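Visitor: Input: one structure, supplied below.
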Amino acid sequence: RAWDATARADARDGARGDDGARRVEKFSRVGVLGAPNAGKSALACALVGDAVSAVSRKTNTTRTRALGVRTVGDAQVVFVDAPGIVGREHYRNAAHARKVEDATALASECDALVFVVDAARQLERRDLRVLEAVRKTRAALGEMRAPPEAVLVLNKVDKIPKERRAGLTKMVDDFRAAGDFEFARVFPVSALTGAGTRALMDHIVAGAREAPWEFDATSTSDMTPAQRALEIVRESVYDGVHEDLPYGIDIAHVSWEDFRNGDARIEQNILVDTASQRKIVVGKSGEVVGRIGINARAMLERALNRKVHLILNVRLKKKKKNYRSDDVVFAEQY
């Protein structure tokens, strides 16, 4: 991820100045908002330098308000990575509606807002959901005396041919007109390559207010290790079967064991609705789940900085009345 090499060094050196004196702490809570699959989670991970939320090609994969924390010098920034915002006509069920409404309400709790747009897709086909996201957030902030600063991030510009980039100016004008928003800045970036993310992070840090930090200087997330493992495995699952499975798939924590040599044994269940879905996830001779496990284990070892023995079981969900999955409950028990 972009900035990964310097994130922890920044945090270690940030608490004190060159003369050893304690610095005045600054803090900012930044909401990362946008339409589904705009790259919000990938951007948050790029800015933080760590995997903090499910990142995949399948839309609306962010399940919880995953916090990413980045400390740079005397400033600490907490990124609140909200679920994708869509219109009411796109709500799939009551749980999905609550998730989207929470994302909108989240905007009023932040010091700054980052609207993320898939600029490449928007140029190909104008997505009205993006304009609706701007309108909904503007309405949520309408009664505030001092609404938070908003910046517009045009993500995935690496996918736009140079001859078509002139269209980005008209796109920005559309967004400003939609919500009567005057974005403080517009940043073309690529969360995938890291291009433009340094300038965006510099702007966010510069806007931090004088306030105590909420996390330790070396923290990158408020997640427990088990929660982070769930997010990483979820990303690998969605990337492995994104064209074949609906959103009903869940990941459940089973166990975590630390060995004396520093290795960790992590076991998780991949929960699906039907036997046919189970066949898809398992694959012929276990090829699909094996590939998912290999990718997830590599990411876990980078994130945890230790060797990981990962066991993934593909299970059918128990057919219970009013069944509701909650991965966080599984994780918080460990």
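Within each chain, counting starts at residue 1; across the structure tokens, chains are named A, B, ... in the order shown, with ligands numbered 1 upward in that order.
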So which residues of region 107-187 of chain A fall under strand (DSSP E) by DSSP, listed as JSON, numbers by chain?
Guide: {"A": [112, 113, 114, 115, 116, 117, 118, 149, 150, 151, 152, 153, 154, 155, 186, 187]}
Visitor: May I have the residues from that selection written out with all heavy atoms, as a compact mmCIF listing (two decimals), in the first residue's frame?
Guide:
```txt
# COMPACT_ATOMS: atom_id res chain seq x y z
N ALA A 112 -13.86 16.28 8.80
CA ALA A 112 -13.66 16.47 7.37
C ALA A 112 -14.28 15.29 6.63
O ALA A 112 -14.44 14.21 7.20
CB ALA A 112 -12.18 16.59 7.03
N LEU A 113 -14.65 15.53 5.38
CA LEU A 113 -15.26 14.49 4.56
C LEU A 113 -14.46 14.31 3.29
O LEU A 113 -13.98 15.28 2.69
CB LEU A 113 -16.70 14.85 4.20
CG LEU A 113 -17.68 15.04 5.35
CD1 LEU A 113 -19.04 15.47 4.80
CD2 LEU A 113 -17.82 13.76 6.16
N VAL A 114 -14.32 13.06 2.87
CA VAL A 114 -13.68 12.74 1.61
C VAL A 114 -14.69 11.98 0.75
O VAL A 114 -15.10 10.88 1.10
CB VAL A 114 -12.41 11.88 1.82
CG1 VAL A 114 -11.85 11.42 0.48
CG2 VAL A 114 -11.36 12.66 2.59
N PHE A 115 -15.14 12.60 -0.33
CA PHE A 115 -16.04 11.95 -1.28
C PHE A 115 -15.20 11.24 -2.33
O PHE A 115 -14.42 11.88 -3.03
CB PHE A 115 -16.94 12.97 -1.96
CG PHE A 115 -18.05 13.48 -1.11
CD1 PHE A 115 -17.87 14.62 -0.35
CD2 PHE A 115 -19.26 12.80 -1.03
CE1 PHE A 115 -18.89 15.10 0.45
CE2 PHE A 115 -20.29 13.28 -0.22
CZ PHE A 115 -20.11 14.43 0.52
N VAL A 116 -15.37 9.95 -2.43
CA VAL A 116 -14.59 9.16 -3.39
C VAL A 116 -15.46 8.78 -4.57
O VAL A 116 -16.57 8.27 -4.41
CB VAL A 116 -14.02 7.89 -2.73
CG1 VAL A 116 -13.07 7.17 -3.69
CG2 VAL A 116 -13.30 8.23 -1.43
N VAL A 117 -14.95 9.03 -5.76
CA VAL A 117 -15.67 8.75 -7.00
C VAL A 117 -14.81 7.87 -7.89
O VAL A 117 -13.60 8.10 -8.02
CB VAL A 117 -16.00 10.06 -7.75
CG1 VAL A 117 -16.68 9.78 -9.09
CG2 VAL A 117 -16.88 10.96 -6.89
N ASP A 118 -15.42 6.85 -8.47
CA ASP A 118 -14.75 6.06 -9.50
C ASP A 118 -14.78 6.89 -10.78
O ASP A 118 -15.74 6.83 -11.55
CB ASP A 118 -15.46 4.72 -9.68
CG ASP A 118 -14.77 3.82 -10.70
OD1 ASP A 118 -13.98 4.33 -11.51
OD2 ASP A 118 -15.05 2.60 -10.69
N GLU A 149 -15.29 20.38 6.38
CA GLU A 149 -14.73 20.58 5.04
C GLU A 149 -14.90 19.32 4.22
O GLU A 149 -14.78 18.21 4.73
CB GLU A 149 -13.24 20.93 5.16
CG GLU A 149 -12.54 21.05 3.82
CD GLU A 149 -11.04 21.18 3.96
OE1 GLU A 149 -10.56 22.33 4.08
OE2 GLU A 149 -10.35 20.14 3.95
N ALA A 150 -15.17 19.49 2.94
CA ALA A 150 -15.32 18.34 2.05
C ALA A 150 -14.32 18.45 0.90
O ALA A 150 -14.15 19.52 0.31
CB ALA A 150 -16.74 18.27 1.49
N VAL A 151 -13.66 17.35 0.60
CA VAL A 151 -12.78 17.29 -0.56
C VAL A 151 -13.29 16.18 -1.48
O VAL A 151 -13.90 15.21 -1.03
CB VAL A 151 -11.31 17.03 -0.18
CG1 VAL A 151 -10.79 18.14 0.72
CG2 VAL A 151 -11.13 15.68 0.48
N LEU A 152 -13.05 16.35 -2.74
CA LEU A 152 -13.49 15.38 -3.74
C LEU A 152 -12.27 14.61 -4.24
O LEU A 152 -11.27 15.21 -4.65
CB LEU A 152 -14.17 16.10 -4.91
CG LEU A 152 -14.67 15.23 -6.06
CD1 LEU A 152 -15.77 14.28 -5.59
CD2 LEU A 152 -15.18 16.11 -7.21
N VAL A 153 -12.37 13.30 -4.21
CA VAL A 153 -11.28 12.44 -4.67
C VAL A 153 -11.73 11.69 -5.92
O VAL A 153 -12.70 10.92 -5.87
CB VAL A 153 -10.85 11.44 -3.58
CG1 VAL A 153 -9.84 10.45 -4.14
CG2 VAL A 153 -10.25 12.18 -2.40
N LEU A 154 -11.06 11.94 -7.02
CA LEU A 154 -11.34 11.24 -8.28
C LEU A 154 -10.41 10.03 -8.34
O LEU A 154 -9.24 10.15 -8.69
CB LEU A 154 -11.11 12.18 -9.46
CG LEU A 154 -11.90 13.49 -9.44
CD1 LEU A 154 -11.55 14.35 -10.65
CD2 LEU A 154 -13.40 13.23 -9.38
N ASN A 155 -10.95 8.90 -7.97
CA ASN A 155 -10.14 7.68 -7.87
C ASN A 155 -10.07 6.95 -9.22
O ASN A 155 -10.88 7.19 -10.11
CB ASN A 155 -10.75 6.76 -6.80
CG ASN A 155 -9.82 5.63 -6.42
OD1 ASN A 155 -8.60 5.71 -6.61
ND2 ASN A 155 -10.37 4.56 -5.88
N VAL A 186 -9.87 19.28 -4.96
CA VAL A 186 -10.14 18.09 -5.77
C VAL A 186 -8.82 17.37 -5.99
O VAL A 186 -7.84 17.99 -6.41
CB VAL A 186 -10.78 18.47 -7.13
CG1 VAL A 186 -11.01 17.21 -7.97
CG2 VAL A 186 -12.08 19.22 -6.91
N PHE A 187 -8.80 16.07 -5.70
CA PHE A 187 -7.58 15.29 -5.80
C PHE A 187 -7.78 14.11 -6.76
O PHE A 187 -8.56 13.20 -6.47
CB PHE A 187 -7.16 14.74 -4.44
CG PHE A 187 -6.73 15.79 -3.46
CD1 PHE A 187 -7.66 16.37 -2.61
CD2 PHE A 187 -5.40 16.20 -3.38
CE1 PHE A 187 -7.28 17.34 -1.70
CE2 PHE A 187 -5.01 17.17 -2.48
CZ PHE A 187 -5.95 17.74 -1.64
```
Visitor: Ala75 (chain A): which residues within 8 Å, counting only C-alpha atoms, same-chain residues fewer than 3 positions away excluded, as a list in words?
Guide: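 Surrounding residues, per the criterion: Gly14, Glu25, Lys26, Phe27, Ser28, Thr71, Val72, Val205, Ala208 and Trp213 of chain A.
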Visitor: Can you tell me, as a ChimeraX atom specification, what residues are no more than 12 Å from region 255-264 of chain A when counting only C-alpha atoms, ignoring any on the same chain fewer than 3 positions away?
Guide: /A:224-227,229-230,252,267-269,297,300-301,304-313,330-334
Visitor: Would you output that residue set with N, CA and C atoms, as a PDB file, in the first residue's frame?
Guide:
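Saved as out.pdb:
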```
ATOM      1  N   THR A 224      -9.344  -5.609  16.634  1.00  0.00           N
ATOM      2  CA  THR A 224      -8.541  -6.653  17.254  1.00  0.00           C
ATOM      3  C   THR A 224      -7.870  -7.450  16.133  1.00  0.00           C
ATOM      4  N   PRO A 225      -6.810  -8.210  16.449  1.00  0.00           N
ATOM      5  CA  PRO A 225      -6.190  -9.036  15.405  1.00  0.00           C
ATOM      6  C   PRO A 225      -7.188  -9.977  14.730  1.00  0.00           C
ATOM      7  N   ALA A 226      -8.135 -10.521  15.507  1.00  0.00           N
ATOM      8  CA  ALA A 226      -9.127 -11.424  14.923  1.00  0.00           C
ATOM      9  C   ALA A 226     -10.035 -10.699  13.946  1.00  0.00           C
ATOM     10  N   GLN A 227     -10.403  -9.458  14.267  1.00  0.00           N
ATOM     11  CA  GLN A 227     -11.236  -8.680  13.349  1.00  0.00           C
ATOM     12  C   GLN A 227     -10.489  -8.360  12.059  1.00  0.00           C
ATOM     13  N   ALA A 229      -8.139 -10.143  10.770  1.00  0.00           N
ATOM     14  CA  ALA A 229      -8.051 -11.392  10.015  1.00  0.00           C
ATOM     15  C   ALA A 229      -9.340 -11.654   9.251  1.00  0.00           C
ATOM     16  N   LEU A 230     -10.487 -11.360   9.875  1.00  0.00           N
ATOM     17  CA  LEU A 230     -11.767 -11.527   9.195  1.00  0.00           C
ATOM     18  C   LEU A 230     -11.849 -10.650   7.957  1.00  0.00           C
ATOM     19  N   ALA A 252     -16.778 -16.210   9.600  1.00  0.00           N
ATOM     20  CA  ALA A 252     -16.914 -16.320  11.054  1.00  0.00           C
ATOM     21  C   ALA A 252     -15.606 -16.802  11.675  1.00  0.00           C
ATOM     22  N   GLU A 267      -8.237 -20.165  12.461  1.00  0.00           N
ATOM     23  CA  GLU A 267      -9.271 -20.954  11.792  1.00  0.00           C
ATOM     24  C   GLU A 267     -10.530 -20.111  11.647  1.00  0.00           C
ATOM     25  N   GLN A 268     -11.096 -20.134  10.441  1.00  0.00           N
ATOM     26  CA  GLN A 268     -12.314 -19.369  10.160  1.00  0.00           C
ATOM     27  C   GLN A 268     -13.259 -20.217   9.320  1.00  0.00           C
ATOM     28  N   ASN A 269     -14.548 -19.911   9.428  1.00  0.00           N
ATOM     29  CA  ASN A 269     -15.566 -20.551   8.600  1.00  0.00           C
ATOM     30  C   ASN A 269     -16.054 -19.579   7.539  1.00  0.00           C
ATOM     31  N   ARG A 297      -3.511 -15.892   3.364  1.00  0.00           N
ATOM     32  CA  ARG A 297      -2.381 -16.149   4.269  1.00  0.00           C
ATOM     33  C   ARG A 297      -1.225 -15.192   3.989  1.00  0.00           C
ATOM     34  N   LEU A 300      -2.199 -11.873   5.477  1.00  0.00           N
ATOM     35  CA  LEU A 300      -2.167 -11.944   6.938  1.00  0.00           C
ATOM     36  C   LEU A 300      -0.737 -11.879   7.457  1.00  0.00           C
ATOM     37  N   GLU A 301       0.168 -12.580   6.799  1.00  0.00           N
ATOM     38  CA  GLU A 301       1.555 -12.582   7.251  1.00  0.00           C
ATOM     39  C   GLU A 301       2.191 -11.207   7.108  1.00  0.00           C
ATOM     40  N   LEU A 304       0.390  -9.030   9.962  1.00  0.00           N
ATOM     41  CA  LEU A 304       0.713  -9.417  11.342  1.00  0.00           C
ATOM     42  C   LEU A 304       2.212  -9.554  11.581  1.00  0.00           C
ATOM     43  N   ASN A 305       2.983  -9.547  10.499  1.00  0.00           N
ATOM     44  CA  ASN A 305       4.442  -9.666  10.592  1.00  0.00           C
ATOM     45  C   ASN A 305       4.847 -10.956  11.318  1.00  0.00           C
ATOM     46  N   ARG A 306       4.183 -12.047  10.965  1.00  0.00           N
ATOM     47  CA  ARG A 306       4.493 -13.356  11.547  1.00  0.00           C
ATOM     48  C   ARG A 306       3.984 -14.441  10.609  1.00  0.00           C
ATOM     49  N   LYS A 307       4.483 -15.658  10.789  1.00  0.00           N
ATOM     50  CA  LYS A 307       4.004 -16.762   9.968  1.00  0.00           C
ATOM     51  C   LYS A 307       2.618 -17.185  10.430  1.00  0.00           C
ATOM     52  N   VAL A 308       1.736 -17.454   9.473  1.00  0.00           N
ATOM     53  CA  VAL A 308       0.346 -17.784   9.786  1.00  0.00           C
ATOM     54  C   VAL A 308      -0.022 -19.137   9.184  1.00  0.00           C
ATOM     55  N   HIS A 309      -0.642 -19.978   9.978  1.00  0.00           N
ATOM     56  CA  HIS A 309      -1.226 -21.232   9.513  1.00  0.00           C
ATOM     57  C   HIS A 309      -2.734 -21.000   9.453  1.00  0.00           C
ATOM     58  N   LEU A 310      -3.274 -20.876   8.247  1.00  0.00           N
ATOM     59  CA  LEU A 310      -4.676 -20.503   8.067  1.00  0.00           C
ATOM     60  C   LEU A 310      -5.510 -21.714   7.663  1.00  0.00           C
ATOM     61  N   ILE A 311      -6.580 -21.959   8.409  1.00  0.00           N
ATOM     62  CA  ILE A 311      -7.513 -23.044   8.108  1.00  0.00           C
ATOM     63  C   ILE A 311      -8.870 -22.432   7.776  1.00  0.00           C
ATOM     64  N   LEU A 312      -9.368 -22.706   6.570  1.00  0.00           N
ATOM     65  CA  LEU A 312     -10.657 -22.191   6.130  1.00  0.00           C
ATOM     66  C   LEU A 312     -11.615 -23.346   5.889  1.00  0.00           C
ATOM     67  N   ASN A 313     -12.762 -23.316   6.549  1.00  0.00           N
ATOM     68  CA  ASN A 313     -13.809 -24.311   6.357  1.00  0.00           C
ATOM     69  C   ASN A 313     -14.984 -23.655   5.647  1.00  0.00           C
ATOM     70  N   PHE A 330     -18.319 -12.459  16.515  1.00  0.00           N
ATOM     71  CA  PHE A 330     -17.372 -13.566  16.509  1.00  0.00           C
ATOM     72  C   PHE A 330     -15.980 -13.079  16.916  1.00  0.00           C
ATOM     73  N   ALA A 331     -15.568 -11.962  16.351  1.00  0.00           N
ATOM     74  CA  ALA A 331     -14.203 -11.482  16.554  1.00  0.00           C
ATOM     75  C   ALA A 331     -13.957 -10.968  17.961  1.00  0.00           C
ATOM     76  N   GLU A 332     -14.953 -10.285  18.532  1.00  0.00           N
ATOM     77  CA  GLU A 332     -14.734  -9.660  19.826  1.00  0.00           C
ATOM     78  C   GLU A 332     -14.634 -10.677  20.965  1.00  0.00           C
ATOM     79  N   GLN A 333     -14.948 -11.923  20.691  1.00  0.00           N
ATOM     80  CA  GLN A 333     -14.842 -12.945  21.711  1.00  0.00           C
ATOM     81  C   GLN A 333     -13.392 -13.425  21.872  1.00  0.00           C
ATOM     82  N   TYR A 334     -12.508 -12.975  20.984  1.00  0.00           N
ATOM     83  CA  TYR A 334     -11.137 -13.471  21.018  1.00  0.00           C
ATOM     84  C   TYR A 334     -10.143 -12.322  21.055  1.00  0.00           C
TER      85      TYR A 334
END
```
Visitor: Using only C-alpha atoms, find the one residue out of A:Ala42, A:Leu316, A:Val241, A:Val289 that sits nearest to Val189 (chain A).
Guide: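 Using only C-alpha atoms, Val189 (chain A) sits closest to A:Ala42.
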Visitor: Could you give me, as a PDB file with N, CA, C and O atoms, in the first residue's frame, the residues within 6 Å of Leu43 (chain A), counting only C-alpha atoms and dropping anything in the same chain fewer than 3 positions from it?
Guide:
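Saved file around.pdb follows:
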```pdb
ATOM      1  N   LYS A  40     -13.410   3.260  -1.853  1.00  0.00           N
ATOM      2  CA  LYS A  40     -13.269   3.921  -0.549  1.00  0.00           C
ATOM      3  C   LYS A  40     -12.353   3.120   0.377  1.00  0.00           C
ATOM      4  O   LYS A  40     -11.455   3.676   1.010  1.00  0.00           O
ATOM      5  N   ALA A  46      -4.734   2.689   1.571  1.00  0.00           N
ATOM      6  CA  ALA A  46      -3.565   3.337   0.987  1.00  0.00           C
ATOM      7  C   ALA A  46      -3.071   4.480   1.865  1.00  0.00           C
ATOM      8  O   ALA A  46      -1.869   4.676   2.032  1.00  0.00           O
ATOM      9  N   ALA A 191      -5.798   4.793  -5.828  1.00  0.00           N
ATOM     10  CA  ALA A 191      -5.567   4.059  -4.585  1.00  0.00           C
ATOM     11  C   ALA A 191      -4.752   2.803  -4.853  1.00  0.00           C
ATOM     12  O   ALA A 191      -4.013   2.335  -3.984  1.00  0.00           O
TER      13      ALA A 191
END
```
